[in-house]
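Colleague: So that we are looking at the same thing, I have put the structure below in structure tokens.
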Amino acid sequence: MSTDTSAETRRGGSSMLGDGAITVAERIVSQAAQFAIFIVAARVLGPAEFGVFALVSACAILLFRFSEFGWAPFIMAWSGDSRVPQQVLFIAITSGAAVSLLGILAAQLSGSFGVAADTVVLMELFAAWVVLATASSAQKGVMIWQRNMKASALCEIVGEVVGLIVAVAGLLRGHGVYSLAYGRIAYQSTHLALSFLVTRMPPRAGLRGPVLRDLWTFSAQIFASRMFTYVRLYLATFIVGGFLGAAAVGYFRAADRLVSAVAEVIAVPGQLLAWTRLRLARDEGPADAQQARLRVALRGFLSGLFALSAPVFLWLICMNDELIRGLLSAEWEPAGPLVAILALSRLVFMFGLLTEPTMSVSGHARVLPVFAGVVFAVSIALTFGAVHLGLHALAWSQVAIAVLVLVATFWLFRRYAGVTPAEILSDITGALVPLALGTGVLLALNLGTDGMGLPPLVEAVLYGLAALAVYILALWRLAPRLWAQLSSGFRKRVLS
């Protein structure tokens with residue numbers, strides 16, 4: 001019996017590692033494609049026109065999040081047969097269609113209030129995108145529920161490549177901001193078509209009874225929590241547009257886009273794997289040891305997430321000027337300091353990524369709306385207070401919000417998962433000296449080679465690789481326990 005369990009554990013660890021690798025690869029391709037579009041768009045459009053796109057895109061994303069509700073998390077957490085996921089998929093598509101129609105009507109109505117005709121058309125295109133994005137989100141949930149993360153990642157990769165080709169071709173042929181909407185629609189359409197080929201599960205009407213009530217209760221809790229978060233994330237964009245103008249939005253969104261491109265390579269696969277890993281920890285093994293398994297899984301994930309994300313964000317902080325000068329033109333230089341500040345806020349916020357899967361899997365999803373609501377209220381106050389002091393003050397307010405989220409997250413983990421802040425800090429201590437050594441090398445190279453005349457982007461990449469090599473070597477030599485955990489693909493120690 002023990003041999004079978006050990007063999008199953010090894011297979012589970014190998015599968016987890018493979019799923020993690022392909023998901024990270026998908027995020028890299030996705031962010032590379034989106035970032036390539038951003039670079040071309042920034043050079044073709046300029047700060048003001050790019051700012052208009054950012055505002056319309058932010059509105060569309062909030063519409064999408066509204067229509068997305070909590071359908072996909074319910075599917076991912078479902079433990080029965082395929083009938084209910086198919087029925088939830090039908091509800092998701094219906095929701096997306098309804099919200100898309102409302103978005104198109106709102107876009108047409110906005111023209112009566114003086115909104116430029118070009119902007120109205122852009123709004124209509126993004127509204128049409130919402131139904132495709134909502135269906136794709138639910139389909140992604142179905143693929144993860146089927147434990148088919150590799151196929152899900154491949155669908156994303158192909159979709160991103162198609163979207164990249166369409167968007168860049170449109171920009172180069174003079175279609176302006178419309179090209180970015182065309183790219184989004186092409187990406188989502190491709191992903192949706194491929195996902196149905198993978199799942200082979202058509203939507204089905206007829207969800208009713210206790211399961212429907214469970215869907216509404218669970219999804220409403222997830223939705224409330226997520227909408228607070230999404231509105232908080234895009235609140236700064238709207239406030240900048242309202243107080244500082246479209247060009248300021250362009251600078252802020254350019255900095256945020258650069259930081260997000262890096263952050264999502266870690267954050268998105270990390271959160272998806274957390275859903276899978278924590279659900280397996282909950283369900284596999286005796287019920288009386290469930291809390292202990294969740295506790296071990298959460299601690300391992302938190303320390304691994306920090307060890308993987310910290311060096312990347314420190315690189316952004318240290319090399320922000322070189323990245324902006326190397327990737328964009330001189331007119332975008334005001335975005336450089338914003339990159340450093342926003343990268344710091346994302347680093348602090350990383351632990352908060354596990355709040356939703358941890359609370360949901362452990363049966364405490366009802367806490368999420370209250371948690372998100374408190375964070376949202378404080379975020380509004382800080383953001384409104386800071387915008388009057390300029391873009392830099394607004395960026396620093398995002399750091400203050402991230403610190404607030406960190407403190408609240410630690411409280412939730414202690415209260416509902418039994419993981420204390422002292423344990424979390426103890427788990428990540430091993431990475432601190434390697435991080436200091438890698439950062440020291442990065443700063444020394446950056447200051448010591450000043451005046452050599454290397455292209456800024458070459459400096460950022462070469463110095464970053466050298467610092468990364470020092471960090472990895474130091475982690476291997478000075479933190480063998482953390483290194484073993486990372487290299488083994490986060491195998492579940494409780495089952496070993």
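Here's how to read the names in the structure tokens: chain A, B, ... by the order shown, residue numbers from 1 in each chain, ligand numbers from 1 in the order shown.
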Hey, what's within 6 Å of region 336-341 of chain A if we count only C-alpha atoms and toss same-chain stuff fewer than 4 positions away? As a list in words, please?
Modeller: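 Listing them by chain and then by number gives Ala255, Ile317, Asn320, Asp321 and Ile324 of chain A.
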Colleague: List the spatial neighbours of Val378 (chain A) as a list in words - criterion: any atom at most 9 Å away, only C-alpha atoms, same-chain residues fewer than 4 positions off excluded.
Modeller: Gly373, Val374, Leu382, Thr383, Ile401 and Leu404 of chain A
Colleague: I'd like the neighbourhood of Thr276 (chain A) as a list of chain:residue names, where a residue qualifies if any of its atoms comes within 10 Å (using only C-alpha atoms), though same-chain residues fewer than 5 positions away should be ignored.
Modeller: A:Met16, A:Met76, A:Ala77, A:Ile144, A:Trp145, A:Arg147, A:Met149, A:Gln271, A:Ala281, A:Arg282, A:Pro357, A:Val361
Colleague: Once you count only C-alpha atoms, what closest atom pair and distance in Å to one decimal does each residue of region 465-486 of chain A within 10 Å of region 309-314 of chain A have, with rows by chain and rising residue number, as a tab-separated table?
Modeller:
```
residue	atom	partner	partner_atom	distance
A:Ala467	CA	A:Pro311	CA	8.7
A:Leu468	CA	A:Pro311	CA	7.3
A:Tyr471	CA	A:Pro311	CA	7.9
A:Ile472	CA	A:Pro311	CA	9.9
```
Colleague: What would the file look like if the residues just selected were written as a PDB file, in the first residue's frame with all heavy atoms?
Modeller:
```pdb
ATOM      1  N   ALA A 467      22.735  38.577 -13.075  1.00  0.00           N
ATOM      2  CA  ALA A 467      22.195  38.607 -11.715  1.00  0.00           C
ATOM      3  C   ALA A 467      21.373  37.358 -11.420  1.00  0.00           C
ATOM      4  O   ALA A 467      21.427  36.811 -10.308  1.00  0.00           O
ATOM      5  CB  ALA A 467      21.355  39.859 -11.522  1.00  0.00           C
ATOM      6  N   LEU A 468      20.629  36.881 -12.407  1.00  0.00           N
ATOM      7  CA  LEU A 468      19.830  35.672 -12.227  1.00  0.00           C
ATOM      8  C   LEU A 468      20.717  34.460 -11.979  1.00  0.00           C
ATOM      9  O   LEU A 468      20.410  33.606 -11.131  1.00  0.00           O
ATOM     10  CB  LEU A 468      18.954  35.448 -13.458  1.00  0.00           C
ATOM     11  CG  LEU A 468      18.059  34.204 -13.432  1.00  0.00           C
ATOM     12  CD1 LEU A 468      17.065  34.272 -12.282  1.00  0.00           C
ATOM     13  CD2 LEU A 468      17.330  34.045 -14.767  1.00  0.00           C
ATOM     14  N   TYR A 471      21.863  34.597  -8.450  1.00  0.00           N
ATOM     15  CA  TYR A 471      20.747  34.257  -7.557  1.00  0.00           C
ATOM     16  C   TYR A 471      20.510  32.748  -7.515  1.00  0.00           C
ATOM     17  O   TYR A 471      20.345  32.161  -6.438  1.00  0.00           O
ATOM     18  CB  TYR A 471      19.490  34.983  -8.022  1.00  0.00           C
ATOM     19  CG  TYR A 471      18.224  34.546  -7.311  1.00  0.00           C
ATOM     20  CD1 TYR A 471      18.019  34.860  -5.970  1.00  0.00           C
ATOM     21  CD2 TYR A 471      17.236  33.817  -7.976  1.00  0.00           C
ATOM     22  CE1 TYR A 471      16.853  34.463  -5.318  1.00  0.00           C
ATOM     23  CE2 TYR A 471      16.081  33.415  -7.337  1.00  0.00           C
ATOM     24  CZ  TYR A 471      15.893  33.747  -6.004  1.00  0.00           C
ATOM     25  OH  TYR A 471      14.742  33.342  -5.354  1.00  0.00           O
ATOM     26  N   ILE A 472      20.474  32.117  -8.690  1.00  0.00           N
ATOM     27  CA  ILE A 472      20.224  30.669  -8.739  1.00  0.00           C
ATOM     28  C   ILE A 472      21.335  29.900  -8.034  1.00  0.00           C
ATOM     29  O   ILE A 472      21.078  28.969  -7.262  1.00  0.00           O
ATOM     30  CB  ILE A 472      20.073  30.218 -10.206  1.00  0.00           C
ATOM     31  CG1 ILE A 472      18.796  30.779 -10.809  1.00  0.00           C
ATOM     32  CG2 ILE A 472      20.086  28.694 -10.306  1.00  0.00           C
ATOM     33  CD1 ILE A 472      18.642  30.504 -12.296  1.00  0.00           C
TER      34      ILE A 472
END
```
Colleague: Record the distance separating CA of Leu482 (chain A) and CA of Pro434 (chain A), expressed in Å with one decimal.
Modeller: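 Computing it gives 11.4 Å between the two atoms.
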Colleague: Report as JSON, numbers by chain all protein, DNA and RNA residues lying within 7 Å of Ser67 (chain A), evaluated on only C-alpha atoms, omitting residues in the same chain fewer than 6 positions from it.
Modeller: {"A": [95, 96, 99, 134]}
Colleague: Using all heavy atoms, can you export the residues from the last selection as a CSV table (one decimal), in the first residue's frame?
Modeller:
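File produced: part_9.csv:
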```csv
chain,number,residue,atom,x,y,z
A,95,SER,N,-25.0,34.8,-20.4
A,95,SER,CA,-24.6,36.0,-19.7
A,95,SER,C,-23.7,36.9,-20.5
A,95,SER,O,-23.9,38.2,-20.6
A,95,SER,CB,-23.8,35.6,-18.4
A,95,SER,OG,-23.2,36.7,-17.8
A,96,GLY,N,-22.8,36.3,-21.2
A,96,GLY,CA,-21.9,37.1,-22.1
A,96,GLY,C,-22.6,37.8,-23.2
A,96,GLY,O,-22.4,39.0,-23.5
A,99,VAL,N,-24.6,40.9,-21.8
A,99,VAL,CA,-23.7,42.0,-21.4
A,99,VAL,C,-23.2,42.6,-22.7
A,99,VAL,O,-23.0,43.9,-22.7
A,99,VAL,CB,-22.6,41.5,-20.5
A,99,VAL,CG1,-21.6,42.7,-20.2
A,99,VAL,CG2,-23.2,41.1,-19.1
A,134,THR,N,-16.2,35.8,-22.4
A,134,THR,CA,-16.9,35.1,-21.3
A,134,THR,C,-17.0,33.6,-21.6
A,134,THR,O,-16.8,32.8,-20.7
A,134,THR,CB,-18.3,35.7,-21.2
A,134,THR,OG1,-18.2,37.1,-21.0
A,134,THR,CG2,-19.1,35.1,-20.0
```
Colleague: Fewer than 2 positions away in the same chain doesn't count, so skip those; otherwise give me all residues within 12 Å of Phe126 (chain A), counting only C-alpha atoms, as a PyMOL selection string.
Modeller: chain A and resi 53-64+99-104+106-107+119-124+128-133+177-186+188
Colleague: I'd like the neighbourhood of Gln291 (chain A) as a list in words, where a residue qualifies if any of its atoms comes within 10 Å (using only C-alpha atoms), though same-chain residues fewer than 5 positions away should be ignored.
Modeller: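 The contact residues come out as Ala281, Arg282, Val296, Ala297, Ser362, Tyr416, Ala417 and Gly418 of chain A.
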Colleague: Would you please extract all alpha helix (DSSP H) residues from region 183-425 of chain A, as assigned by DSSP on the backbone, and give them as a ChimeraX atom specification?
Modeller: /A:183-199,209-244,246-283,290-318,320-327,335-349,355-361,367-387,391-412,421-425
